[in-house]
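Trainee: The following block contains the structure, expressed as structure tokens.
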Amino acid sequence: MLSQIYKESGISPKVLALGEEVLAGLKERFTEIDAIAEYNQLKVLGAMHKNHVSEMHFQATTGYGYNDTGRDTLERVYADTFHTEDALVRSQITCGTHALNLALSANLRPGDELLSPVGKPYDTLEEVIGIRPSIGSLAEYGVSYAQVDLLPDGSFDYEGIRKAIKPNTKMATIQRSKGYASRPTLSAEAIGELIAFLKSCKPDIICMVDNCYGEFTEITEPSDYGADMIVGSLIKNPGGGLAPAGGYICGTAACVEQVARRLTSPGLGREVGANLGTNPAFYQGFFLAPTVTAGAEKGAIFAASLYEKLGFRVHPASETTRYDIIQAIDLNSAEGLKAFCAGIQAAAPVDSFVTPEPWAMPGYDDEVIMAAGAFVQGSSIELSADGPLRPPFTVFFQGGITWYHAKYGILMSVQKLLDAGLVMC
């Protein structure tokens with residue numbers, strides 16, 4: 001019956017057979033992922049129990065949002081889960097890039113320097129920093145930028161970093177995930193080693209970690225290893241597929257207070273910001289996040305294993321320990337990239353009949369193709385894939401609120417490549 005419904009859903013017997021063959025070798029890996037999800041589930045529950053989450057915290061507030069106990073309690077839940085002094089979790093934070101911009105601009109002043117010790121940041125952060133000139137960038141406000149690339153083997157260039165740190169180096173920005181690059185994703189422990197080195201060189205340096213796509217993939221987070229701030233989007237891992245918008249900044253009380261005043265206004269800070277009825281989705285999404293993240297991680301490993309078997313270069317490799325939910329696959333042609341994204345779109349619960357096309361997406365230097373038939377626009381914890389149209393035409397696959405949906409999407413991507421004559425099964 002299962003084979004029949006896959007056939008009715010557009011997956012040929014040969015693609016399904018290949019998928020099942022690959023899946024048979026992944027049971028041990030999936031058991032390990034389930035153990036991490038179980039640990040993180042109990043961690044989230046513990047934070048909810050500690051803060052006495054109750055039905056009254058789900059009530060909507062409007063206007064100024066003064067005395068919003070649901071919002072304030074949610075922020076304590078985040079802080080306790082990620083083991084930080086404080087947290088800001090708001091629907092008014094529009095996306096991950098906005099959250100990062102807030103964390104940077106709130107804690108940097110004219111004359112300060114921002115250092116990236118892990119190479120070039122994600123494309124959308126280039127305009128925030130001013131690497132690519134943009135109205136309102138940090139560069140326009142007199143904040144300079146320095147960068148130290150990773151070594152060819154993906155390790156940190158400690159000597160280069162030491163030389164790059166100046167008296168006015170105020171903050172280091174550390175991107176956990178690879179973005180549109182082929183470098184390794186960083187583990188929480190590796191980030192901790194980098195933070196320890198940075199602080200040994202300059203004890204007062206602020207270390208901010210772009211934690212997008214990495215939350216709950218390990219039993220620890222960068223905040224457990226000395227990060228002053230970890231930053232992310234609620235329509236990625238921590239929103240559990242339910243958060244309709246929003247972002248978070250968890251960290252030291254001093255850093256988070258600066259961010260709150262930048263988000264709203266000096267003198268107002270965190271006291272304003274009505275939840276407008278988003279609290280139930282924020283709480284329940286965070287509760288589900290460990291399990292949802294585990295399903296997305298299984299999907300990424302399945303994709304890596306399947307496409308590796310088909311002869312494509314994948315990064316990380318199928319056997320590599322994972323620290324985020326993103327799987328990159330070099331498809332070697334624009335046609336391959338488009339076919340893959342067409343398969344993901346065809347598997348979506350929303351807009352499955354739409355064909356994704358490349359376009360000049362704001363914040364990116366190349367045309368980008370995106371497949372995302374999601375319940376929440378732009379939600380990349382839901383099944384999605386995207387990539388810039390530049391060699392080697394790498395697709396970045398992520399998400400899947402359930403493992404079974406991720407599996408189907410990956411099989412459909414192979415089916416589209418097969419139908420286009422770009423692979424042989």
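Labels for the structure tokens follow display order: chains A, B, ..., residues from 1 in each chain, ligands from 1.
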As number ranges by chain, please: the residues near region 77-90 of chain A (cut-off 6 Å, only C-alpha atoms, same-chain neighbours under 5 positions excluded).
Mentor: A: 44, 47-48, 246-253
Trainee: As a list in words, please: every residue in region 70-110 of chain A that DSSP puts in alpha helix (DSSP H).
Mentor: Gly70, Arg71, Asp72, Thr73, Leu74, Glu75, Arg76, Val77, Tyr78, Ala79, Asp80, Thr81, Gly96, Thr97, His98, Ala99, Leu100, Asn101, Leu102, Ala103, Leu104, Ser105, Ala106 and Asn107 of chain A
Trainee: Ala243 (chain A): which residues within 7 Å, counting only C-alpha atoms, same-chain residues fewer than 2 positions away excluded, as an mmCIF file with C-alpha atoms, in the first residue's frame?
Mentor:
data_model
loop_
_atom_site.group_PDB
_atom_site.id
_atom_site.type_symbol
_atom_site.label_atom_id
_atom_site.label_comp_id
_atom_site.auth_asym_id
_atom_site.auth_seq_id
_atom_site.Cartn_x
_atom_site.Cartn_y
_atom_site.Cartn_z
ATOM 1 C CA LEU A 234 11.518 31.903 14.782
ATOM 2 C CA ILE A 235 10.577 30.696 11.306
ATOM 3 C CA GLY A 239 9.574 28.193 15.939
ATOM 4 C CA GLY A 240 8.812 24.519 15.362
ATOM 5 C CA GLY A 241 6.907 25.309 12.176
ATOM 6 C CA ALA A 245 7.053 35.437 12.346
ATOM 7 C CA ALA A 281 2.128 29.587 18.450
ATOM 8 C CA PHE A 282 5.400 30.807 19.974
ATOM 9 C CA GLY A 285 6.307 25.929 18.394
#
Trainee: Find the residues around region 345-361 of chain A up to 10 Å (only C-alpha atoms counted), leave out those fewer than 5 positions away in its own chain, and share them as a PyMOL selection string.
Mentor: chain A and resi 9-10+334+338-340+366-376+382-389+400+405-413+416
Trainee: Tell me, which residues of region 147-240 of chain A carry DSSP strand (DSSP E or B), written as a PyMOL selection string?
Mentor: chain A and resi 147+169-175+206-210+229-233
Trainee: Those same residues, written as a tab-separated table (two decimals), in the first residue's frame with N, CA and C atoms?
Mentor:
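The new file out_25.tsv reads:
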chain	number	residue	atom	x	y	z
A	147	GLN	N	37.93	40.88	8.38
A	147	GLN	CA	37.56	39.49	8.14
A	147	GLN	C	38.80	38.61	8.08
A	169	THR	N	38.49	46.78	18.16
A	169	THR	CA	37.68	45.62	17.80
A	169	THR	C	36.69	45.36	18.93
A	170	LYS	N	35.44	45.70	18.69
A	170	LYS	CA	34.42	45.64	19.75
A	170	LYS	C	33.68	44.31	19.77
A	171	MET	N	33.47	43.74	18.58
A	171	MET	CA	32.61	42.56	18.50
A	171	MET	C	33.12	41.60	17.44
A	172	ALA	N	32.91	40.31	17.70
A	172	ALA	CA	33.15	39.27	16.70
A	172	ALA	C	31.81	38.65	16.32
A	173	THR	N	31.57	38.50	15.04
A	173	THR	CA	30.36	37.84	14.57
A	173	THR	C	30.74	36.47	14.03
A	174	ILE	N	30.14	35.44	14.57
A	174	ILE	CA	30.49	34.05	14.24
A	174	ILE	C	29.27	33.37	13.65
A	175	GLN	N	29.35	33.04	12.38
A	175	GLN	CA	28.23	32.39	11.70
A	175	GLN	C	28.37	30.89	11.84
A	206	ILE	N	32.91	41.37	22.49
A	206	ILE	CA	31.57	40.77	22.49
A	206	ILE	C	31.53	39.73	21.39
A	207	CYS	N	31.13	38.52	21.73
A	207	CYS	CA	31.05	37.43	20.75
A	207	CYS	C	29.60	37.11	20.46
A	208	MET	N	29.17	37.41	19.23
A	208	MET	CA	27.80	37.13	18.80
A	208	MET	C	27.80	35.97	17.83
A	209	VAL	N	26.91	35.02	18.03
A	209	VAL	CA	26.81	33.85	17.16
A	209	VAL	C	25.49	33.90	16.38
A	210	ASP	N	25.60	33.85	15.07
A	210	ASP	CA	24.44	33.64	14.21
A	210	ASP	C	24.10	32.16	14.32
A	229	MET	N	25.99	36.59	22.87
A	229	MET	CA	24.66	36.60	22.25
A	229	MET	C	24.56	35.45	21.27
A	230	ILE	N	23.42	34.76	21.25
A	230	ILE	CA	23.07	33.87	20.15
A	230	ILE	C	21.78	34.43	19.53
A	231	VAL	N	21.72	34.38	18.21
A	231	VAL	CA	20.68	35.10	17.48
A	231	VAL	C	20.06	34.18	16.44
A	232	GLY	N	18.74	34.27	16.27
A	232	GLY	CA	18.11	33.43	15.28
A	232	GLY	C	16.70	33.87	14.92
A	233	SER	N	16.10	33.13	14.03
A	233	SER	CA	14.76	33.41	13.50
A	233	SER	C	13.78	32.38	14.03
Trainee: Which of these residues is nearest to Ala260 (chain A), using only C-alpha atoms: A:Val272, A:Ala317, A:Met56, A:Ile5?
Mentor: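 Looking only at the distances to Ala260 (chain A), the closest residue turns out to be A:Val272.
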Trainee: Work out how far CA of Tyr213 (chain A) is from CA of Asp112 (chain A), in Å to one decimal.
Mentor: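 About the pair CA of Asp112 (chain A) and CA of Tyr213 (chain A): they are 28.4 Å apart.
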Trainee: Record the distance separating CA of Gln41 (chain A) and CA of Leu288 (chain A), expressed in Å with one decimal.
Mentor: 7.8 Å
Trainee: Which residues are near Glu335 (chain A)? Cut-off 12 Å, only C-alpha atoms, ignore same chain within fewer than 6 positions. Put them as a list in words.
Mentor: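 Skipping anything fewer than 6 positions along the chain leaves Cys341, Ala342, Glu357, Pro358, Ile369, Leu389, Arg390, Pro391, Pro392, Phe393, Thr394, Val395, Lys416, Leu417, Leu418, Asp419, Ala420, Gly421, Leu422 and Val423 of chain A.
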Trainee: Those same residues - N, CA and C atoms - I'd like them written as a PDB file, in the first residue's frame.
Mentor:
ATOM      1  N   CYS A 341      14.682  22.140  -7.350  1.00  0.00           N
ATOM      2  CA  CYS A 341      13.728  23.035  -6.693  1.00  0.00           C
ATOM      3  C   CYS A 341      12.296  22.768  -7.158  1.00  0.00           C
ATOM      4  N   ALA A 342      12.133  22.374  -8.433  1.00  0.00           N
ATOM      5  CA  ALA A 342      10.798  22.023  -8.925  1.00  0.00           C
ATOM      6  C   ALA A 342      10.254  20.817  -8.175  1.00  0.00           C
ATOM      7  N   GLU A 357      10.979  29.942 -10.190  1.00  0.00           N
ATOM      8  CA  GLU A 357      11.867  30.542 -11.187  1.00  0.00           C
ATOM      9  C   GLU A 357      12.891  31.431 -10.486  1.00  0.00           C
ATOM     10  N   PRO A 358      14.086  31.540 -11.043  1.00  0.00           N
ATOM     11  CA  PRO A 358      15.097  32.435 -10.460  1.00  0.00           C
ATOM     12  C   PRO A 358      14.648  33.893 -10.540  1.00  0.00           C
ATOM     13  N   ILE A 369      17.015  31.062  -6.882  1.00  0.00           N
ATOM     14  CA  ILE A 369      15.785  30.295  -7.060  1.00  0.00           C
ATOM     15  C   ILE A 369      15.407  29.710  -5.712  1.00  0.00           C
ATOM     16  N   LEU A 389      22.139  31.229  -8.665  1.00  0.00           N
ATOM     17  CA  LEU A 389      22.480  30.706  -9.999  1.00  0.00           C
ATOM     18  C   LEU A 389      23.919  31.090 -10.352  1.00  0.00           C
ATOM     19  N   ARG A 390      24.826  30.355  -9.758  1.00  0.00           N
ATOM     20  CA  ARG A 390      26.246  30.509 -10.061  1.00  0.00           C
ATOM     21  C   ARG A 390      26.908  29.149  -9.868  1.00  0.00           C
ATOM     22  N   PRO A 391      27.946  28.851 -10.659  1.00  0.00           N
ATOM     23  CA  PRO A 391      28.634  27.556 -10.515  1.00  0.00           C
ATOM     24  C   PRO A 391      29.135  27.373  -9.089  1.00  0.00           C
ATOM     25  N   PRO A 392      29.104  26.137  -8.560  1.00  0.00           N
ATOM     26  CA  PRO A 392      28.712  24.877  -9.208  1.00  0.00           C
ATOM     27  C   PRO A 392      27.212  24.582  -9.094  1.00  0.00           C
ATOM     28  N   PHE A 393      26.383  25.632  -9.043  1.00  0.00           N
ATOM     29  CA  PHE A 393      24.930  25.491  -8.993  1.00  0.00           C
ATOM     30  C   PHE A 393      24.514  24.600  -7.812  1.00  0.00           C
ATOM     31  N   THR A 394      24.906  25.079  -6.654  1.00  0.00           N
ATOM     32  CA  THR A 394      24.643  24.351  -5.413  1.00  0.00           C
ATOM     33  C   THR A 394      23.245  24.655  -4.904  1.00  0.00           C
ATOM     34  N   VAL A 395      22.521  23.618  -4.557  1.00  0.00           N
ATOM     35  CA  VAL A 395      21.227  23.798  -3.913  1.00  0.00           C
ATOM     36  C   VAL A 395      21.413  23.602  -2.411  1.00  0.00           C
ATOM     37  N   LYS A 416      12.303  14.467 -10.393  1.00  0.00           N
ATOM     38  CA  LYS A 416      12.351  15.556 -11.385  1.00  0.00           C
ATOM     39  C   LYS A 416      13.668  15.542 -12.160  1.00  0.00           C
ATOM     40  N   LEU A 417      14.764  15.263 -11.468  1.00  0.00           N
ATOM     41  CA  LEU A 417      16.054  15.151 -12.154  1.00  0.00           C
ATOM     42  C   LEU A 417      16.060  13.960 -13.123  1.00  0.00           C
ATOM     43  N   LEU A 418      15.462  12.861 -12.699  1.00  0.00           N
ATOM     44  CA  LEU A 418      15.362  11.668 -13.544  1.00  0.00           C
ATOM     45  C   LEU A 418      14.523  11.959 -14.789  1.00  0.00           C
ATOM     46  N   ASP A 419      13.378  12.617 -14.576  1.00  0.00           N
ATOM     47  CA  ASP A 419      12.485  12.952 -15.693  1.00  0.00           C
ATOM     48  C   ASP A 419      13.156  13.876 -16.695  1.00  0.00           C
ATOM     49  N   ALA A 420      14.062  14.730 -16.196  1.00  0.00           N
ATOM     50  CA  ALA A 420      14.769  15.664 -17.081  1.00  0.00           C
ATOM     51  C   ALA A 420      16.009  15.063 -17.708  1.00  0.00           C
ATOM     52  N   GLY A 421      16.276  13.798 -17.405  1.00  0.00           N
ATOM     53  CA  GLY A 421      17.439  13.113 -17.967  1.00  0.00           C
ATOM     54  C   GLY A 421      18.769  13.544 -17.364  1.00  0.00           C
ATOM     55  N   LEU A 422      18.707  14.076 -16.148  1.00  0.00           N
ATOM     56  CA  LEU A 422      19.921  14.583 -15.499  1.00  0.00           C
ATOM     57  C   LEU A 422      20.535  13.597 -14.532  1.00  0.00           C
ATOM     58  N   VAL A 423      19.827  12.510 -14.208  1.00  0.00           N
ATOM     59  CA  VAL A 423      20.388  11.428 -13.390  1.00  0.00           C
ATOM     60  C   VAL A 423      19.894  10.099 -13.939  1.00  0.00           C
TER      61      VAL A 423
END
Trainee: Restricting the calculation to only C-alpha atoms, which member of A:Leu102, A:Leu16, A:Ile33, A:Leu198 is positioned closest to Gln415 (chain A)?
Mentor: A:Leu16
Trainee: List as a CSV table (one decimal) with C-alpha atoms, in the first residue's frame the protein and nucleic acid residues near Gly65 (chain A), meaning an atom at most 6 Å away when only C-alpha atoms are counted, but skip any in the same chain fewer than 2 places from it.
Mentor:
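Saved as part_26.csv:
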chain,number,residue,atom,x,y,z
A,61,THR,CA,-2.2,41.9,24.1
A,62,THR,CA,-2.5,45.0,21.9
A,63,GLY,CA,-1.3,48.6,21.8
A,68,ASP,CA,2.5,41.3,28.9
A,272,VAL,CA,6.6,47.7,24.9
A,273,GLY,CA,5.7,45.3,22.1
A,274,ALA,CA,2.3,43.7,22.1
